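Shown next: data.cif, containing mmCIF, C-alpha atoms.
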```
data_run
loop_
_atom_site.label_atom_id
_atom_site.label_comp_id
_atom_site.auth_asym_id
_atom_site.auth_seq_id
_atom_site.Cartn_x
_atom_site.Cartn_y
_atom_site.Cartn_z
CA MET A 1 0.00 0.00 0.00
CA ILE A 2 0.99 3.60 -0.60
CA GLU A 3 -0.12 6.27 1.85
CA VAL A 4 -1.24 9.44 0.07
CA ARG A 5 -1.56 12.69 2.01
CA PHE A 6 -3.03 16.06 1.09
CA PHE A 7 -2.34 19.40 2.72
CA ALA A 8 -3.77 22.91 3.01
CA ARG A 9 -6.13 23.97 0.18
CA PHE A 10 -5.93 20.50 -1.39
CA ARG A 11 -6.99 18.80 1.85
CA GLU A 12 -9.92 21.17 2.26
CA GLU A 13 -11.18 21.11 -1.31
CA LEU A 14 -10.84 17.34 -1.65
CA GLY A 15 -12.31 16.68 1.78
CA ALA A 16 -9.53 14.13 2.35
CA ASP A 17 -6.30 14.27 4.30
CA THR A 18 -4.99 10.75 3.82
CA GLU A 19 -5.81 7.56 1.95
CA GLN A 20 -4.27 4.17 1.21
CA LEU A 21 -3.83 3.03 -2.40
CA GLU A 22 -2.73 -0.29 -3.87
CA ALA A 23 0.95 -0.01 -4.78
CA ASP A 24 0.78 -2.28 -7.83
CA ARG A 25 -1.28 0.28 -9.73
CA VAL A 26 1.40 2.97 -9.67
CA ASN A 27 5.11 3.03 -10.50
CA CYS A 28 5.85 6.73 -10.15
CA VAL A 29 4.36 10.03 -8.96
CA GLU A 30 3.01 10.77 -12.44
CA ASP A 31 0.97 7.52 -12.43
CA LEU A 32 -0.57 8.49 -9.13
CA LEU A 33 -1.42 12.02 -10.33
CA THR A 34 -3.05 10.62 -13.47
CA ASP A 35 -5.10 8.30 -11.30
CA LEU A 36 -6.26 11.14 -9.03
CA ARG A 37 -6.97 13.45 -11.98
CA GLY A 38 -9.34 10.86 -13.43
CA ARG A 39 -11.67 10.93 -10.44
CA GLY A 40 -13.59 14.01 -11.64
CA GLY A 41 -14.83 17.00 -9.62
CA ALA A 42 -12.30 18.76 -7.39
CA TRP A 43 -9.76 15.99 -8.11
CA SER A 44 -9.72 16.76 -11.83
CA ARG A 45 -9.61 20.51 -11.22
CA LEU A 46 -6.82 20.55 -8.61
CA PHE A 47 -4.62 18.05 -10.42
CA ALA A 48 -5.20 19.39 -13.95
CA GLU A 49 -1.98 19.57 -15.95
CA ASP A 50 -1.84 23.38 -15.82
CA GLN A 51 -2.05 23.50 -12.00
CA ARG A 52 0.99 24.03 -9.80
CA VAL A 53 1.18 20.90 -7.66
CA MET A 54 4.09 20.10 -5.36
CA ALA A 55 4.80 16.48 -4.44
CA ALA A 56 6.86 14.77 -1.76
CA VAL A 57 7.84 11.12 -1.41
CA ASN A 58 8.80 9.94 2.07
CA GLN A 59 8.92 13.59 3.14
CA GLU A 60 11.45 14.64 0.48
CA VAL A 61 10.55 16.94 -2.42
CA ALA A 62 9.75 14.81 -5.48
CA ASP A 63 8.86 15.30 -9.13
CA GLN A 64 6.65 13.44 -11.58
CA SER A 65 9.29 10.84 -12.40
CA THR A 66 10.08 9.92 -8.77
CA PRO A 67 9.54 6.13 -8.46
CA LEU A 68 7.07 4.72 -5.93
CA LYS A 69 7.05 1.42 -4.11
CA ASP A 70 5.00 -0.39 -1.50
CA GLY A 71 5.10 1.38 1.88
CA ASP A 72 5.94 4.84 0.52
CA GLU A 73 4.35 8.01 1.88
CA VAL A 74 3.38 10.43 -0.89
CA ALA A 75 2.08 13.94 -0.31
CA PHE A 76 0.52 16.48 -2.67
CA PHE A 77 0.21 20.13 -1.77
CA PRO A 78 -0.03 23.63 -3.29
CA PRO A 79 3.09 25.82 -3.57
CA VAL A 80 4.31 26.67 -0.08
CA THR A 81 3.71 30.05 1.61
CA GLY A 82 5.60 30.02 4.90
CA GLY A 83 7.91 32.60 6.43
CA MET B 84 25.21 24.67 16.30
CA ASN B 85 22.27 24.26 13.93
CA TYR B 86 18.76 24.01 15.31
CA VAL B 87 15.30 24.02 13.74
CA HIS B 88 11.96 23.93 15.51
CA VAL B 89 8.26 24.29 14.73
CA GLN B 90 5.96 25.38 17.55
CA SER B 91 2.44 26.62 18.19
CA GLU B 92 3.52 28.75 21.16
CA PRO B 93 4.39 32.44 20.58
CA LEU B 94 7.98 33.13 19.47
CA ASP B 95 10.53 35.03 21.52
CA PRO B 96 13.11 36.39 19.02
CA HIS B 97 15.53 37.63 21.70
CA ARG B 98 15.59 34.24 23.34
CA GLU B 99 16.48 32.61 20.00
CA VAL B 100 19.38 35.04 19.49
CA ASP B 101 20.67 34.43 23.03
CA GLN B 102 20.40 30.65 22.60
CA LEU B 103 22.41 30.67 19.40
CA ARG B 104 25.24 32.89 20.63
CA ALA B 105 25.56 31.52 24.16
CA ASP B 106 29.06 30.42 25.17
CA ASN B 107 30.64 30.60 21.73
CA PRO B 108 33.53 33.11 21.68
CA MET B 109 34.14 32.35 17.97
CA ILE B 110 31.01 34.33 17.10
CA GLY B 111 31.72 37.89 15.99
CA ALA B 112 28.41 38.62 14.24
CA VAL B 113 24.79 37.60 14.55
CA VAL B 114 22.16 38.48 11.95
CA SER B 115 18.50 37.77 12.60
CA PHE B 116 15.37 37.95 10.48
CA ILE B 117 11.93 38.16 12.07
CA GLY B 118 8.89 37.60 9.86
CA LEU B 119 5.79 39.27 11.34
CA MET B 120 2.11 39.06 10.67
CA ARG B 121 0.78 42.15 8.85
CA ASP B 122 -2.83 43.30 9.21
CA MET B 123 -3.11 43.98 5.45
CA ASN B 124 -2.57 41.72 2.44
CA GLU B 125 -3.49 42.40 -1.17
CA GLY B 126 -5.59 45.38 -0.13
CA ASP B 127 -7.68 43.55 2.46
CA LYS B 128 -7.63 43.79 6.23
CA VAL B 129 -6.50 40.52 7.77
CA ASP B 130 -7.70 39.74 11.30
CA ARG B 131 -6.10 36.36 11.84
CA LEU B 132 -3.65 34.05 10.17
CA PHE B 133 -3.58 30.27 10.34
CA LEU B 134 -0.36 28.41 9.52
CA GLU B 135 -0.47 24.74 8.52
CA HIS B 136 2.61 22.53 8.12
CA TYR B 137 3.62 18.97 7.28
CA PRO B 138 4.95 17.55 10.57
CA GLY B 139 8.17 15.67 9.97
CA MET B 140 8.82 16.90 6.44
CA THR B 141 8.86 20.53 7.54
CA GLU B 142 11.61 19.93 10.09
CA LYS B 143 13.63 17.89 7.58
CA ALA B 144 13.28 20.62 4.94
CA LEU B 145 14.40 23.32 7.40
CA LEU B 146 17.39 21.26 8.48
CA LYS B 147 18.42 20.74 4.86
CA ILE B 148 18.28 24.49 4.24
CA VAL B 149 20.43 25.39 7.26
CA GLU B 150 22.90 22.63 6.36
CA GLU B 151 23.16 24.04 2.84
CA ALA B 152 23.80 27.53 4.25
CA SER B 153 26.51 26.08 6.52
CA ARG B 154 28.09 24.38 3.50
CA ARG B 155 28.13 27.60 1.46
CA TRP B 156 29.47 29.92 4.16
CA ASP B 157 31.71 29.65 7.18
CA LEU B 158 29.01 29.90 9.87
CA GLN B 159 29.08 29.39 13.63
CA GLY B 160 25.47 28.27 13.75
CA CYS B 161 22.01 28.73 12.39
CA ARG B 162 18.69 28.66 14.24
CA VAL B 163 15.24 28.62 12.64
CA VAL B 164 12.06 28.64 14.71
CA HIS B 165 8.72 28.81 12.90
CA ARG B 166 5.31 29.18 14.45
CA VAL B 167 2.19 27.27 13.32
CA GLY B 168 -1.48 27.51 14.26
CA GLU B 169 -3.39 30.72 14.79
CA MET B 170 -1.72 34.14 14.86
CA ARG B 171 -2.76 37.76 15.14
CA PRO B 172 -1.29 40.92 13.58
CA THR B 173 2.15 41.87 15.00
CA ASP B 174 2.87 38.27 16.07
CA PRO B 175 6.25 36.91 14.91
CA ILE B 176 5.76 34.04 12.41
CA VAL B 177 9.38 33.00 11.96
CA VAL B 178 12.78 33.79 13.45
CA VAL B 179 16.00 33.02 11.55
CA VAL B 180 19.26 33.64 13.40
CA VAL B 181 22.67 33.12 11.82
CA ALA B 182 26.01 33.51 13.58
CA SER B 183 29.50 33.73 12.09
CA SER B 184 32.92 35.10 12.94
CA HIS B 185 32.45 38.01 10.53
CA ARG B 186 29.33 39.88 9.47
CA LYS B 187 29.33 39.19 5.73
CA GLU B 188 28.73 35.46 6.11
CA ALA B 189 26.00 36.03 8.70
CA PHE B 190 24.14 38.51 6.46
CA LEU B 191 24.36 36.22 3.42
CA GLY B 192 23.49 33.07 5.36
CA CYS B 193 20.43 34.66 6.96
CA GLU B 194 19.03 35.95 3.66
CA PHE B 195 19.69 32.59 2.00
CA VAL B 196 17.86 30.66 4.73
CA ILE B 197 14.72 32.81 4.67
CA ASP B 198 14.64 32.84 0.84
CA TYR B 199 14.80 29.03 0.69
CA LEU B 200 12.40 28.58 3.59
CA LYS B 201 9.82 30.55 1.62
CA MET B 202 10.39 28.42 -1.49
CA GLN B 203 10.79 24.94 -0.07
CA ALA B 204 9.59 24.46 3.50
CA PRO B 205 6.06 23.01 3.62
CA PHE B 206 4.06 25.70 5.40
CA TRP B 207 0.79 27.18 4.15
CA LYS B 208 -0.91 30.40 5.24
CA LYS B 209 -4.64 30.88 5.45
CA GLU B 210 -5.96 34.38 6.14
CA LEU B 211 -9.15 35.37 7.86
CA THR B 212 -10.46 38.64 6.37
CA GLU B 213 -13.81 40.42 6.54
CA GLY B 214 -14.74 38.56 3.36
CA GLY B 215 -14.03 35.16 4.93
CA GLU B 216 -11.16 32.68 4.85
CA ARG B 217 -8.68 32.37 1.99
CA TRP B 218 -5.47 30.46 1.32
CA VAL B 219 -2.54 32.70 0.44
CA ASP B 220 -1.17 32.19 -3.09
CA ALA B 221 2.55 31.55 -3.53
CA ARG B 222 4.36 34.57 -4.92
CA ILE B 223 5.92 33.72 -8.26
CA SER B 224 8.86 35.95 -7.40
CA ASP B 225 9.94 33.50 -4.70
CA ASP B 226 11.08 31.24 -7.53
CA GLU B 227 13.48 33.97 -8.58
CA ALA B 228 15.42 33.47 -5.35
CA GLU B 229 16.78 30.23 -6.74
CA GLU B 230 18.35 32.12 -9.61
CA LYS B 231 19.67 34.80 -7.26
CA TRP B 232 21.59 32.31 -5.11
CA ARG B 233 22.93 30.17 -7.93
CA SER B 234 26.10 32.18 -8.28
CA VAL B 235 26.55 33.38 -4.70
CA SER B 236 28.95 31.53 -2.42
CA SER B 237 31.70 32.22 0.06
CA ASP B 238 34.16 32.51 -2.84
CA ASP B 239 32.72 35.87 -3.95
#
```

Can the structure from this file be put into structure tokens for me?
Amino acid sequence: MIEVRFFARFREELGADTEQLEADRVNCVEDLLTDLRGRGGAWSRLFAEDQRVMAAVNQEVADQSTPLKDGDEVAFFPPVTGG
Amino acid sequence: MNYVHVQSEPLDPHREVDQLRADNPMIGAVVSFIGLMRDMNEGDKVDRLFLEHYPGMTEKALLKIVEEASRRWDLQGCRVVHRVGEMRPTDPIVVVVVASSHRKEAFLGCEFVIDYLKMQAPFWKKELTEGGERWVDARISDDEAEEKWRSVSSDD
């Protein structure tokens, strides 16, 4: 299983902060994004290709090609605004 | 010594400066940056600010940034303390303190750390205005910081 987490505006608009997905369906971050984008509604809007989406794998900044394996923690969030 | 911390309690900037410089006679300069909550943003009055973070990743990201600053410049220590949760205007949001033997490294290190914190550390601001709640959009110009620091190092 892969644990997927959402933060800030994404968490609120999706109404989800974490979910478990089967690892054999996804090999990299891009696969996961494509999967989420296909769900329709807020999922399709937030993860549309022209949206700025940041990703992290096991709490390190990742990009679309970052590989995924069973047990990984993946997070998606909007561009950061701290400081 | 490097130190990063995320807390919901109010920040005490002077305490952070004292902690960093305590008992280290190698330190000749300390530069600090204090980010404060403004009561106006994009033309609207802001009553409260809520800061969300990604526990675990945020601390790792901050540590990476201070380690990178320590690699680029000869520093005697770097301390970053960021507040999360609910804040009111005038409250400190973040304190960055950088110590070195000479002032140039401390100035550069401090600016580098806050620039990268704003680009890379997973924090998100939500404002409460008269019109309701809204998430703050990332400023595109933060991305320009990356370019700015590409050529700057202790060799300059």

(request) Kindly resolve the PyMOL selection byres ((chain A and resi 69) around 9) on the present coordinates and return the residues as a ChimeraX atom specification. (result) /A:1-2,23-24,26-28,67-68,70-72

Serialized selection, C-alpha atoms, as a PDB file, keeping the file's coordinate frame:
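And here is the file that came out, out-v8.pdb:
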```
ATOM      1  CA  MET A   1       0.000   0.000   0.000  1.00  0.00           C
ATOM      2  CA  ILE A   2       0.990   3.600  -0.600  1.00  0.00           C
ATOM      3  CA  ALA A  23       0.950  -0.010  -4.780  1.00  0.00           C
ATOM      4  CA  ASP A  24       0.780  -2.280  -7.830  1.00  0.00           C
ATOM      5  CA  VAL A  26       1.400   2.970  -9.670  1.00  0.00           C
ATOM      6  CA  ASN A  27       5.110   3.030 -10.500  1.00  0.00           C
ATOM      7  CA  CYS A  28       5.850   6.730 -10.150  1.00  0.00           C
ATOM      8  CA  PRO A  67       9.540   6.130  -8.460  1.00  0.00           C
ATOM      9  CA  LEU A  68       7.070   4.720  -5.930  1.00  0.00           C
ATOM     10  CA  ASP A  70       5.000  -0.390  -1.500  1.00  0.00           C
ATOM     11  CA  GLY A  71       5.100   1.380   1.880  1.00  0.00           C
ATOM     12  CA  ASP A  72       5.940   4.840   0.520  1.00  0.00           C
TER      13      ASP A  72
END
```

(request) Select, counting all atoms listed in the file, all protein, DNA and RNA residues no farther than 12 Å from (8.9, 16.6, -3.2) in file coordinates, and express the selection as a ChimeraX atom specification. (result) /A:29,53-67,73-80 /B:137,140-141,143-144,203-205

Just write the chosen residues, C-alpha atoms, as a PDB file, keeping the file's coordinate frame.
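Final output, result11.pdb:
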```
ATOM      1  CA  VAL A  29       4.360  10.030  -8.960  1.00  0.00           C
ATOM      2  CA  VAL A  53       1.180  20.900  -7.660  1.00  0.00           C
ATOM      3  CA  MET A  54       4.090  20.100  -5.360  1.00  0.00           C
ATOM      4  CA  ALA A  55       4.800  16.480  -4.440  1.00  0.00           C
ATOM      5  CA  ALA A  56       6.860  14.770  -1.760  1.00  0.00           C
ATOM      6  CA  VAL A  57       7.840  11.120  -1.410  1.00  0.00           C
ATOM      7  CA  ASN A  58       8.800   9.940   2.070  1.00  0.00           C
ATOM      8  CA  GLN A  59       8.920  13.590   3.140  1.00  0.00           C
ATOM      9  CA  GLU A  60      11.450  14.640   0.480  1.00  0.00           C
ATOM     10  CA  VAL A  61      10.550  16.940  -2.420  1.00  0.00           C
ATOM     11  CA  ALA A  62       9.750  14.810  -5.480  1.00  0.00           C
ATOM     12  CA  ASP A  63       8.860  15.300  -9.130  1.00  0.00           C
ATOM     13  CA  GLN A  64       6.650  13.440 -11.580  1.00  0.00           C
ATOM     14  CA  SER A  65       9.290  10.840 -12.400  1.00  0.00           C
ATOM     15  CA  THR A  66      10.080   9.920  -8.770  1.00  0.00           C
ATOM     16  CA  PRO A  67       9.540   6.130  -8.460  1.00  0.00           C
ATOM     17  CA  GLU A  73       4.350   8.010   1.880  1.00  0.00           C
ATOM     18  CA  VAL A  74       3.380  10.430  -0.890  1.00  0.00           C
ATOM     19  CA  ALA A  75       2.080  13.940  -0.310  1.00  0.00           C
ATOM     20  CA  PHE A  76       0.520  16.480  -2.670  1.00  0.00           C
ATOM     21  CA  PHE A  77       0.210  20.130  -1.770  1.00  0.00           C
ATOM     22  CA  PRO A  78      -0.030  23.630  -3.290  1.00  0.00           C
ATOM     23  CA  PRO A  79       3.090  25.820  -3.570  1.00  0.00           C
ATOM     24  CA  VAL A  80       4.310  26.670  -0.080  1.00  0.00           C
TER      25      VAL A  80
ATOM     26  CA  TYR B 137       3.620  18.970   7.280  1.00  0.00           C
ATOM     27  CA  MET B 140       8.820  16.900   6.440  1.00  0.00           C
ATOM     28  CA  THR B 141       8.860  20.530   7.540  1.00  0.00           C
ATOM     29  CA  LYS B 143      13.630  17.890   7.580  1.00  0.00           C
ATOM     30  CA  ALA B 144      13.280  20.620   4.940  1.00  0.00           C
ATOM     31  CA  GLN B 203      10.790  24.940  -0.070  1.00  0.00           C
ATOM     32  CA  ALA B 204       9.590  24.460   3.500  1.00  0.00           C
ATOM     33  CA  PRO B 205       6.060  23.010   3.620  1.00  0.00           C
TER      34      PRO B 205
END
```

Selection dump of the PyMOL selection byres ((chain B) within 10 of (chain A)), as an mmCIF file with C-alpha atoms, in the frame of the given file:
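The result, written out as out20.cif:
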```
data_model
loop_
_atom_site.group_PDB
_atom_site.id
_atom_site.type_symbol
_atom_site.label_atom_id
_atom_site.label_comp_id
_atom_site.auth_asym_id
_atom_site.auth_seq_id
_atom_site.Cartn_x
_atom_site.Cartn_y
_atom_site.Cartn_z
ATOM 1 C CA ILE B 117 11.930 38.160 12.070
ATOM 2 C CA GLY B 118 8.890 37.600 9.860
ATOM 3 C CA LEU B 119 5.790 39.270 11.340
ATOM 4 C CA MET B 120 2.110 39.060 10.670
ATOM 5 C CA LEU B 134 -0.360 28.410 9.520
ATOM 6 C CA GLU B 135 -0.470 24.740 8.520
ATOM 7 C CA HIS B 136 2.610 22.530 8.120
ATOM 8 C CA TYR B 137 3.620 18.970 7.280
ATOM 9 C CA PRO B 138 4.950 17.550 10.570
ATOM 10 C CA GLY B 139 8.170 15.670 9.970
ATOM 11 C CA MET B 140 8.820 16.900 6.440
ATOM 12 C CA THR B 141 8.860 20.530 7.540
ATOM 13 C CA GLU B 142 11.610 19.930 10.090
ATOM 14 C CA LYS B 143 13.630 17.890 7.580
ATOM 15 C CA ALA B 144 13.280 20.620 4.940
ATOM 16 C CA HIS B 165 8.720 28.810 12.900
ATOM 17 C CA ARG B 166 5.310 29.180 14.450
ATOM 18 C CA VAL B 167 2.190 27.270 13.320
ATOM 19 C CA PRO B 175 6.250 36.910 14.910
ATOM 20 C CA ILE B 176 5.760 34.040 12.410
ATOM 21 C CA VAL B 177 9.380 33.000 11.960
ATOM 22 C CA VAL B 178 12.780 33.790 13.450
ATOM 23 C CA VAL B 179 16.000 33.020 11.550
ATOM 24 C CA ILE B 197 14.720 32.810 4.670
ATOM 25 C CA ASP B 198 14.640 32.840 0.840
ATOM 26 C CA TYR B 199 14.800 29.030 0.690
ATOM 27 C CA LEU B 200 12.400 28.580 3.590
ATOM 28 C CA LYS B 201 9.820 30.550 1.620
ATOM 29 C CA MET B 202 10.390 28.420 -1.490
ATOM 30 C CA GLN B 203 10.790 24.940 -0.070
ATOM 31 C CA ALA B 204 9.590 24.460 3.500
ATOM 32 C CA PRO B 205 6.060 23.010 3.620
ATOM 33 C CA PHE B 206 4.060 25.700 5.400
ATOM 34 C CA TRP B 207 0.790 27.180 4.150
ATOM 35 C CA LYS B 208 -0.910 30.400 5.240
ATOM 36 C CA LYS B 209 -4.640 30.880 5.450
ATOM 37 C CA ARG B 217 -8.680 32.370 1.990
ATOM 38 C CA TRP B 218 -5.470 30.460 1.320
ATOM 39 C CA VAL B 219 -2.540 32.700 0.440
ATOM 40 C CA ASP B 220 -1.170 32.190 -3.090
ATOM 41 C CA ALA B 221 2.550 31.550 -3.530
ATOM 42 C CA ARG B 222 4.360 34.570 -4.920
ATOM 43 C CA ILE B 223 5.920 33.720 -8.260
ATOM 44 C CA ASP B 225 9.940 33.500 -4.700
#
```

Taking the file as shown, find all residues satisfying the PyMOL selection byres ((chain B and resi 94-103) around 7) and write them as a PDB file with C-alpha atoms, in the frame of the given file.
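Output below, filename expr.pdb:
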```
ATOM      1  CA  GLU B  92       3.520  28.750  21.160  1.00  0.00           C
ATOM      2  CA  PRO B  93       4.390  32.440  20.580  1.00  0.00           C
ATOM      3  CA  ARG B 104      25.240  32.890  20.630  1.00  0.00           C
ATOM      4  CA  ALA B 105      25.560  31.520  24.160  1.00  0.00           C
ATOM      5  CA  GLY B 160      25.470  28.270  13.750  1.00  0.00           C
ATOM      6  CA  ARG B 162      18.690  28.660  14.240  1.00  0.00           C
ATOM      7  CA  ARG B 166       5.310  29.180  14.450  1.00  0.00           C
ATOM      8  CA  PRO B 175       6.250  36.910  14.910  1.00  0.00           C
ATOM      9  CA  VAL B 178      12.780  33.790  13.450  1.00  0.00           C
ATOM     10  CA  VAL B 180      19.260  33.640  13.400  1.00  0.00           C
TER      11      VAL B 180
END
```

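Atom to atom, atom CA of Ser115 of chain B and atom CA of Cys193 of chain B stand 6.7 Å apart.
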
Using only the atoms of segment 53-68 of chain A listed in the file, plus 6 Å on each side, state the axis-aligned box centre and edge lengths in Å rounded to one decimal, as JSON.
```
{"center_x": 6.3, "center_y": 12.8, "center_z": -4.6, "size_x": 22.3, "size_y": 28.2, "size_z": 27.5}
```

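In this model, the gap between atom CA of Trp43 of chain A and atom CA of Glu169 of chain B comes to 28.0 Å.
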
(request) Find the residues around segment 123-126 of chain B up to 10 Å (only C-alpha atoms counted), leave out those fewer than 6 positions away in its own chain, and share them as a ChimeraX atom specification. (result) /B:172,210,212,219

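The coordinates place atom CA of Ser91 of chain B at 25.2 Å from atom CA of Val113 of chain B.
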
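Closest approach to Asp174 of chain B among B:Leu132, B:Ala228, B:Val235, B:Ala189 is made by B:Leu132 (distances from all atoms listed in the file).
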
(request) May I have the protein, DNA and RNA residues with an atom at most 12 Å from (-10.5, 18.3, -9.9), counting only C-alpha atoms in the file's coordinates, returned as an NGL selection string? (result) :A and (10 or 13-15 or 33-51)

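Across B:Arg233, B:Arg186, B:Arg155, B:Arg171, the tightest approach to Asp122 of chain B is made by B:Arg171 when counting all atoms listed in the file.
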